[in-house]
Amino acid sequence: EADLLALVERLNADPAVHGILVQLPLPDHMNSDAVINAISPAKDVDGFHISNVGLLGTGQKSMVPCTPLGCLMMLRDQLGSLSGLDAVVIGRSNIVGKPMAQLLLGESCTVTIAHSRTKNLAEVVRRADIVVAAVGRPQMVPGDWIKPGATVIDVGINRIAAPEKGEGKTRLVGDCDYDSCAEVAGAITPVPGGVGPMTIACLLANTVTACCRANGLAEPEGLTA
């Protein structure tokens, strides 16, 4: 851990480095919070530093977590204005659920954070114009939970057995049952090939944004919230 913290400090001090990402999870003997919070907030392109979390939560300029940022970009592209829409985020993680809710609040949505212990979860989801599924349970959300015409963002990446491919084979699925949800939804992201590529693109976008801020340059439009 001491070696990792020392490396982060060297990168913080290097003006040629504009973005730092620590791949999680770290080994068990390391304190992830201590490592993440050692990153300079201005170079925290994952948006996980406690300062960036606080700035996002209070509606100030921050580094925005990549996955929620990518989800927001797709929602804006599909729907235009999100103002007044009813949004349900399934999942309360610090990485996706909570920052996604903050971004949707910033777009003037009415936001509910639901999770596996939410009572009458199906009814809660069924009223939503926007559903963001980020709970980490394969195919948890069936099509009959989806309001006709709703926009569904499936953040889940789950590997399940695929005996049709042969013994021991697996395939990737999301947190939504894609086929049944796609019959009802107005739009839905596939897994794989949906949120994943947007997350990577937004990591690169955050790095560009961090570089511009560090050098007093105008930020490119449309790369952040």
# chains A, B, ... in the order shown; residues from 1 in each chain; ligands from 1
>>> residues_around(residues="A:Asn52", least_positions_apart="3", cutoff="8 Å", atoms="only C-alpha atoms", output="count of residues only")
9
>>> select_by_dssp(residues="stretch 174-214 of chain A", states="helix (DSSP H, G or I)", output="list in words")
Tyr178, Asp179, Ser180, Cys181, Ala182, Val195, Gly196, Pro197, Met198, Thr199, Ile200, Ala201, Cys202, Leu203, Leu204, Ala205, Asn206, Thr207, Val208, Thr209, Ala210, Cys211, Cys212, Arg213 and Ala214 of chain A
>>> residues_around(residues="A:Pro190", least_positions_apart="4", cutoff="8 Å", atoms="only C-alpha atoms", output="VMD selection string")
chain A and resid 154 174 178 194 to 195
>>> residues_around(residues="A:Met73", least_positions_apart="4", cutoff="9 Å", atoms="only C-alpha atoms", output="number ranges by chain")
A: 68-69, 77-78, 198, 222-225
>>> residues_around(residues="A:Ile130", least_positions_apart="5", cutoff="7 Å", atoms="only C-alpha atoms", output="list of chain:residue names")
A:Asp86, A:Ala87, A:Val88, A:Ala150, A:Thr151, A:Val152
>>> closest_residue(among="A:Glu9, A:Asp14, A:Asp46, A:Glu107", to="A:Ile95", atoms="only C-alpha atoms")
A:Asp46
>>> residues_around(residues="A:Leu204", least_positions_apart="2", cutoff="12 Å", atoms="only C-alpha atoms", output="number ranges by chain")
A: 18-21, 45-46, 65-67, 69-70, 197-202, 206-211, 223-224
>>> residues_around(residues="stretch 181-187 of chain A", least_positions_apart="4", cutoff="10 Å", atoms="only C-alpha atoms", output="JSON, numbers by chain")
{"A": [75, 78, 79, 129, 130, 131, 139, 141, 142, 143, 144, 145, 146, 147, 148, 149, 150, 151, 152, 153, 176, 177]}
>>> atom_distance(atom1="atom CA of A:Val173", atom2="atom CA of A:Thr110")
28.1 Å
>>> atom_distance(atom1="atom CA of A:Ser81", atom2="atom CA of A:Gly156")
24.9 Å
>>> closest_residue(among="A:Ala6, A:Ile90, A:Met74, A:Ala101", to="A:Val135", atoms="only C-alpha atoms")
A:Ile90
